[in-house]
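Enquirer: Contents of input01.txt (compact mmCIF, C-alpha atoms) are below:
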# COMPACT_ATOMS: atom_id res chain seq x y z
CA MET A 3 -4.17 5.44 15.51
CA HIS A 4 -3.86 7.27 12.21
CA LEU A 5 -0.77 9.11 11.01
CA ALA A 6 -0.70 11.42 8.04
CA LEU A 7 2.46 13.10 6.78
CA VAL A 8 2.03 16.22 4.73
CA LEU A 9 5.09 17.37 2.84
CA GLY A 10 4.98 20.63 0.98
CA GLY A 11 6.99 21.52 -2.05
CA GLY A 12 10.74 21.92 -1.83
CA TYR A 13 11.43 18.39 -0.60
CA GLY A 14 13.06 16.05 -3.06
CA PRO A 15 11.81 12.49 -3.57
CA ILE A 16 14.60 10.99 -1.45
CA MET A 17 13.78 13.29 1.49
CA ARG A 18 10.07 12.42 1.21
CA GLU A 19 10.92 8.70 1.27
CA VAL A 20 13.13 9.17 4.34
CA VAL A 21 10.44 11.16 6.15
CA VAL A 22 7.76 8.58 5.25
CA ALA A 23 10.01 5.71 6.38
CA ILE A 24 10.65 7.49 9.70
CA GLY A 25 6.92 8.16 10.09
CA ILE A 26 6.04 4.52 9.41
CA SER A 27 8.69 3.35 11.87
CA ALA A 28 7.34 5.73 14.52
CA LEU A 29 3.81 4.52 13.90
CA ILE A 30 4.82 0.88 14.22
CA ALA A 31 6.83 1.57 17.37
CA GLY A 32 3.94 3.60 18.81
CA CYS A 33 1.58 0.68 18.32
CA GLY A 34 3.71 -1.37 20.71
CA GLY A 35 3.15 -4.61 18.87
CA SER A 36 -0.54 -4.75 19.77
CA GLY A 37 -1.61 -4.15 16.20
CA ALA A 38 -3.85 -7.23 16.17
CA LYS A 39 -6.35 -5.38 18.34
CA SER A 40 -6.72 -2.24 16.28
CA HIS A 41 -4.68 -2.45 13.09
CA PRO A 42 -3.32 -5.16 10.79
CA SER A 43 0.22 -6.18 11.64
CA SER A 44 2.79 -4.51 9.47
CA THR A 45 6.51 -4.11 9.28
CA ALA A 46 8.65 -1.26 8.11
CA ILE A 47 9.39 -1.24 4.40
CA PRO A 48 13.02 -2.22 3.79
CA GLN A 49 15.08 0.56 2.32
CA ALA A 50 16.13 -0.14 -1.26
CA SER A 51 18.82 1.46 -3.36
CA ARG A 52 18.31 5.19 -3.74
CA SER A 53 20.21 5.27 -7.04
CA ALA A 54 17.16 4.18 -9.03
CA VAL A 55 14.61 6.78 -10.03
CA ALA A 56 10.86 6.83 -10.55
CA ALA A 57 11.47 5.62 -14.12
CA THR A 58 11.39 2.07 -12.70
CA CYS A 59 7.77 2.46 -11.56
CA ILE A 60 4.91 0.72 -13.33
CA THR A 61 3.66 3.32 -15.78
CA LYS A 62 0.91 1.51 -17.68
CA GLN A 63 -1.88 3.87 -18.66
CA GLY A 64 -4.41 4.24 -15.84
CA PHE A 65 -2.46 2.19 -13.27
CA GLY A 66 -2.44 3.82 -9.83
CA GLY A 67 -1.54 1.03 -7.41
CA LEU A 68 1.34 -0.83 -5.75
CA GLY A 69 4.55 -0.29 -7.72
CA GLY A 70 3.09 2.64 -9.64
CA ARG A 71 4.29 6.23 -9.52
CA ARG A 72 3.36 8.08 -6.35
CA ASP A 73 1.80 10.94 -8.32
CA ARG A 74 -0.49 8.48 -10.12
CA PHE A 75 -1.84 6.72 -7.02
CA ASP A 76 -5.58 6.03 -7.35
CA ALA A 77 -6.54 7.60 -4.02
CA ASN A 78 -10.20 7.86 -4.97
CA ASN A 79 -10.44 4.18 -5.98
CA ASP A 80 -12.35 5.23 -9.08
CA ASN A 81 -9.72 4.48 -11.76
CA THR A 82 -8.57 8.08 -11.91
CA THR A 83 -5.15 9.28 -10.90
CA GLY A 84 -3.86 12.52 -9.54
CA GLU A 85 -4.86 14.52 -6.50
CA ALA A 86 -7.51 12.91 -4.32
CA GLY A 87 -10.75 14.72 -3.95
CA PRO A 88 -13.65 13.77 -1.75
CA THR A 89 -13.87 9.99 -1.94
CA PRO A 90 -16.98 8.81 -3.79
CA GLY A 91 -18.09 6.36 -1.12
CA ALA A 92 -16.93 5.12 2.23
CA ALA A 93 -13.41 3.90 1.27
CA PHE A 94 -10.36 6.04 2.01
CA PHE A 95 -7.02 5.11 0.38
CA GLN A 96 -3.67 6.51 1.54
CA VAL A 97 -0.03 5.90 0.54
CA ASP A 98 2.02 4.71 3.53
CA GLY A 99 5.43 4.48 1.86
CA THR A 100 7.44 4.71 -1.34
CA LEU A 101 10.66 3.17 -2.65
CA ARG A 102 12.46 4.57 -5.70
CA GLY A 103 9.57 7.03 -6.10
CA CYS A 104 7.08 4.17 -6.51
CA VAL A 105 4.21 3.24 -4.18
CA ALA A 106 5.51 0.48 -1.88
CA ALA A 107 2.75 0.49 0.75
CA TYR A 108 -0.75 1.85 1.13
CA GLU A 109 -3.81 1.34 3.25
CA VAL A 110 -7.54 1.57 2.88
CA GLN A 111 -10.17 2.22 5.52
CA ASP A 112 -13.84 1.62 4.90
CA SER A 113 -16.94 2.19 6.98
CA ALA A 114 -19.57 0.93 4.53
CA ALA A 115 -22.92 -0.51 5.47
CA PRO A 116 -23.37 -3.40 5.83
CA PRO A 117 -20.04 -3.82 7.66
CA LEU A 118 -17.19 -5.37 5.66
CA ARG A 119 -15.32 -8.48 6.80
CA ALA A 120 -11.54 -8.85 6.59
CA GLY A 121 -11.84 -10.73 3.27
CA ASP A 122 -13.85 -7.85 1.81
CA MET A 123 -11.14 -5.45 2.93
CA LEU A 124 -8.49 -7.60 1.21
CA ASP A 125 -10.52 -7.33 -2.01
CA LEU A 126 -10.56 -3.54 -1.69
CA VAL A 127 -6.82 -3.21 -1.21
CA SER A 128 -5.85 -5.60 -3.99
CA GLY A 129 -8.47 -5.50 -6.73
CA GLY A 130 -7.06 -3.47 -9.62
CA HIS A 131 -4.24 -2.10 -7.46
CA LEU A 132 -1.72 -4.89 -8.06
CA PRO A 133 0.59 -5.23 -11.06
CA LYS A 134 -1.02 -7.28 -13.86
CA ASP A 135 1.47 -10.14 -13.43
CA ALA A 136 0.70 -10.58 -9.70
CA GLU A 137 0.00 -14.24 -8.90
CA PRO A 138 -1.50 -15.38 -5.59
CA VAL A 139 0.95 -17.24 -3.34
CA LEU A 140 -1.03 -17.49 -0.10
CA THR A 141 -4.51 -16.51 1.04
CA THR A 142 -6.06 -16.71 4.51
CA SER A 143 -9.15 -15.06 5.96
CA ASN A 144 -7.20 -11.90 6.86
CA CYS A 145 -3.95 -12.06 4.86
CA ALA A 146 -2.89 -12.54 1.25
CA VAL A 147 0.45 -12.65 -0.55
CA TRP A 148 1.13 -12.20 -4.27
CA LYS A 149 4.32 -12.61 -6.35
CA SER A 150 5.07 -10.03 -9.03
CA PHE A 151 8.15 -9.54 -11.18
CA GLU A 152 6.82 -6.11 -12.23
CA LEU A 153 6.74 -5.11 -8.56
CA ARG A 154 10.33 -6.33 -8.14
CA ARG A 155 11.44 -4.20 -11.11
CA ALA A 156 9.65 -1.19 -9.63
CA VAL A 157 10.59 -1.31 -5.94
CA GLY A 158 13.13 -4.13 -5.64
CA LEU A 159 10.83 -6.48 -3.69
CA LEU A 160 9.20 -9.58 -5.21
CA TYR A 161 6.08 -9.98 -3.04
CA ALA A 162 3.07 -7.95 -1.98
CA ARG A 163 1.49 -8.80 1.38
CA ALA A 164 -1.89 -7.52 2.52
CA THR A 165 -3.38 -7.86 5.99
CA ALA A 166 -6.87 -6.81 7.01
CA ILE A 167 -9.28 -6.36 9.88
CA GLY A 168 -13.00 -6.16 9.20
CA GLN A 169 -15.31 -3.50 10.59
CA VAL A 170 -16.22 -3.87 14.24
CA GLY A 171 -18.92 -1.71 15.77
CA GLY A 172 -18.29 1.85 14.69
CA ALA A 173 -14.62 1.25 13.83
CA PRO A 174 -13.84 1.15 10.10
CA GLY A 175 -12.32 -1.91 8.50
CA THR A 176 -8.66 -1.50 7.61
CA ALA A 177 -6.36 -3.21 5.14
CA VAL A 178 -2.66 -2.55 4.57
CA ILE A 179 -0.67 -3.77 1.58
CA GLN A 180 3.08 -3.48 1.19
CA ALA A 181 5.91 -4.70 -0.97
CA THR A 182 8.05 -7.23 0.88
CA SER A 183 10.78 -9.82 0.35
CA HIS A 184 8.79 -12.50 2.22
CA SER A 185 6.18 -14.89 0.81
CA THR A 186 4.45 -15.47 4.16
CA CYS A 187 1.76 -13.71 6.15
Once you've parsed the file, please lay out its structure as structure tokens.

Expert:
Amino acid sequence: MHLALVLGGGYGPIMREVVVAIGISALIAGCGGSGAKSHPSSTAIPQASRSAVAATCITKQGFGGLGGRRDRFDANNDNTTGEAGPTPGAAFFQVDGTLRGCVAAYEVQDSAAPPLRAGDMLDLVSGGHLPKDAEPVLTTSNCAVWKSFELRRAVGLLYARATAIGQVGGAPGTAVIQATSHSTC
């Protein structure tokens, strides 16, 4: 199942965050808890204080990942920011949620040949897309957790957790990363 929310102009950042949070909650509820079969397990992003603004986001030159500004997300995975064009390759990146105007969750799908394993998908979702101070806390074959004080300053959550499923048959591999308050998979 794939859900895309398209919001035109006229919506403020708070309204976009509310709509995205509702969309993510609907997607999770629609999956009925059987995410292990077709999608990495995920949980809704906790709502943080709305009083903070996008000024808290990680704004280092060229950074377009978790904790960065939504409008600078590196959707093409080619170290450029801005609007996504046709992806140069088989990977497709998409923001799944924001907090305080900063990217708090995103996913990547890839249908490369040869097929990618879950560990390869974790590399895609994390490599270059985590704050520079992110330190590994836990790594398994299909899940990884990092601790980042920069991420906490940006979105109010100390950890980033990524889960992944490798490619199976014709289905693309999928990895989801999100800011969280938990240090476990």

Enquirer: Could you jot down the atom CA of A:Thr182 to atom CA of A:Arg119 separation for me, Å, one decimal place?

Expert: 24.1 Å

Enquirer: Just to confirm, what's the straight-line distance from atom CA of A:Leu68 to atom CA of A:Val105 in Å (one decimal)?

Expert: 5.2 Å

Enquirer: Can you work out which one of A:Gln180, A:Gln111, A:Thr58, A:Asn144 has the shortest atom-to-atom distance to A:Arg71, counting all atoms listed in the file?

Expert: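 That would be A:Thr58, the residue with the smallest distance to A:Arg71.
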
Enquirer: Which residues are close to stretch 153-170 of chain A, i.e. within 8 Å by all atoms listed in the file, leaving aside same-chain residues fewer than 3 positions away? Reply as a ChimeraX atom specification.

Expert: /A:41-44,50,58-60,68-70,101-102,104,106,112-113,117-124,127-128,133,144-150,173-187

Enquirer: Expressed in Å to a single decimal, how great is the separation between atom CA of A:Asp135 and atom CA of A:Thr100?

Expert: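 Distance between the two atoms: 20.1 Å.
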
Enquirer: Between A:His131, A:Ala92, A:Asp73, A:Phe151, which residue has the minimum interatomic distance to A:Ala115, considering all atoms listed in the file?

Expert: A:Ala92

Enquirer: From the structure block, carefully write stretch 117-133 of chain A out with all heavy atoms; format it as a compact mmCIF listing (two decimals), in the first residue's frame.

Expert:
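So the final result, stored in decode_12.txt, reads:
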# COMPACT_ATOMS: atom_id res chain seq x y z
N PRO A 117 18.59 -7.69 -6.79
CA PRO A 117 17.72 -7.28 -5.68
C PRO A 117 18.50 -6.92 -4.42
O PRO A 117 19.51 -7.54 -4.11
CB PRO A 117 16.86 -8.53 -5.44
CG PRO A 117 16.91 -9.28 -6.72
CD PRO A 117 18.27 -9.01 -7.30
N LEU A 118 18.00 -5.91 -3.71
CA LEU A 118 18.65 -5.45 -2.47
C LEU A 118 18.07 -6.18 -1.27
O LEU A 118 16.87 -6.43 -1.20
CB LEU A 118 18.44 -3.95 -2.30
CG LEU A 118 19.03 -3.06 -3.40
CD1 LEU A 118 18.71 -1.60 -3.12
CD2 LEU A 118 20.53 -3.26 -3.50
N ARG A 119 18.94 -6.50 -0.31
CA ARG A 119 18.52 -7.09 0.95
C ARG A 119 18.11 -5.98 1.91
O ARG A 119 18.36 -4.80 1.66
CB ARG A 119 19.66 -7.90 1.55
CG ARG A 119 20.12 -9.06 0.67
CD ARG A 119 21.36 -9.66 1.26
NE ARG A 119 22.23 -8.55 1.68
CZ ARG A 119 23.53 -8.57 1.69
NH1 ARG A 119 24.17 -9.63 1.35
NH2 ARG A 119 24.23 -7.52 2.08
N ALA A 120 17.54 -6.36 3.05
CA ALA A 120 17.11 -5.38 4.05
C ALA A 120 18.28 -4.50 4.50
O ALA A 120 18.13 -3.29 4.64
CB ALA A 120 16.47 -6.08 5.25
N GLY A 121 19.46 -5.09 4.72
CA GLY A 121 20.63 -4.31 5.14
C GLY A 121 21.03 -3.27 4.11
O GLY A 121 21.43 -2.15 4.46
N ASP A 122 20.89 -3.61 2.82
CA ASP A 122 21.18 -2.64 1.76
C ASP A 122 20.18 -1.49 1.80
O ASP A 122 20.54 -0.33 1.58
CB ASP A 122 21.10 -3.32 0.38
CG ASP A 122 22.08 -4.46 0.23
OD1 ASP A 122 23.22 -4.33 0.73
OD2 ASP A 122 21.70 -5.48 -0.39
N MET A 123 18.93 -1.82 2.10
CA MET A 123 17.89 -0.79 2.19
C MET A 123 18.17 0.13 3.38
O MET A 123 17.95 1.34 3.29
CB MET A 123 16.50 -1.43 2.31
CG MET A 123 16.06 -2.22 1.09
SD MET A 123 16.04 -1.25 -0.45
CE MET A 123 14.88 0.05 -0.05
N LEU A 124 18.66 -0.43 4.49
CA LEU A 124 19.02 0.42 5.64
C LEU A 124 20.13 1.40 5.26
O LEU A 124 20.11 2.56 5.67
CB LEU A 124 19.45 -0.43 6.84
CG LEU A 124 18.35 -1.20 7.56
CD1 LEU A 124 18.95 -2.09 8.63
CD2 LEU A 124 17.32 -0.25 8.16
N ASP A 125 21.09 0.93 4.46
CA ASP A 125 22.17 1.82 4.01
C ASP A 125 21.60 2.96 3.17
O ASP A 125 22.04 4.11 3.29
CB ASP A 125 23.20 1.05 3.19
CG ASP A 125 24.04 0.10 4.04
OD1 ASP A 125 24.06 0.26 5.27
OD2 ASP A 125 24.66 -0.81 3.45
N LEU A 126 20.63 2.66 2.31
CA LEU A 126 20.04 3.70 1.47
C LEU A 126 19.33 4.77 2.29
O LEU A 126 19.42 5.96 1.98
CB LEU A 126 19.02 3.09 0.49
CG LEU A 126 19.53 2.55 -0.81
CD1 LEU A 126 18.38 1.97 -1.62
CD2 LEU A 126 20.24 3.62 -1.61
N VAL A 127 18.60 4.37 3.30
CA VAL A 127 17.80 5.31 4.06
C VAL A 127 18.62 6.12 5.06
O VAL A 127 18.22 7.19 5.48
CB VAL A 127 16.61 4.59 4.74
CG1 VAL A 127 17.02 3.89 6.00
CG2 VAL A 127 15.47 5.53 5.01
N SER A 128 19.81 5.62 5.42
CA SER A 128 20.59 6.33 6.43
C SER A 128 21.81 7.04 5.87
O SER A 128 22.14 8.14 6.31
CB SER A 128 21.04 5.35 7.52
OG SER A 128 21.85 4.34 6.97
N GLY A 129 22.50 6.46 4.95
CA GLY A 129 23.75 7.03 4.45
C GLY A 129 23.61 8.45 3.95
O GLY A 129 22.93 8.71 2.97
N GLY A 130 24.22 9.39 4.64
CA GLY A 130 24.18 10.79 4.23
C GLY A 130 22.89 11.52 4.56
O GLY A 130 22.77 12.71 4.32
N HIS A 131 21.92 10.81 5.11
CA HIS A 131 20.62 11.42 5.41
C HIS A 131 20.37 11.56 6.91
O HIS A 131 19.28 11.89 7.32
CB HIS A 131 19.50 10.58 4.79
CG HIS A 131 19.49 10.63 3.30
ND1 HIS A 131 20.25 9.78 2.53
CD2 HIS A 131 18.84 11.43 2.45
CE1 HIS A 131 20.05 10.06 1.26
NE2 HIS A 131 19.20 11.06 1.19
N LEU A 132 21.39 11.28 7.71
CA LEU A 132 21.30 11.45 9.16
C LEU A 132 22.13 12.66 9.58
O LEU A 132 23.10 13.01 8.91
CB LEU A 132 21.85 10.21 9.87
CG LEU A 132 21.04 8.94 9.76
CD1 LEU A 132 21.82 7.75 10.29
CD2 LEU A 132 19.72 9.08 10.50
N PRO A 133 21.76 13.30 10.69
CA PRO A 133 22.60 14.39 11.19
C PRO A 133 24.03 13.89 11.42
O PRO A 133 24.24 12.72 11.74
CB PRO A 133 21.93 14.76 12.52
CG PRO A 133 20.51 14.31 12.37
CD PRO A 133 20.57 13.07 11.52
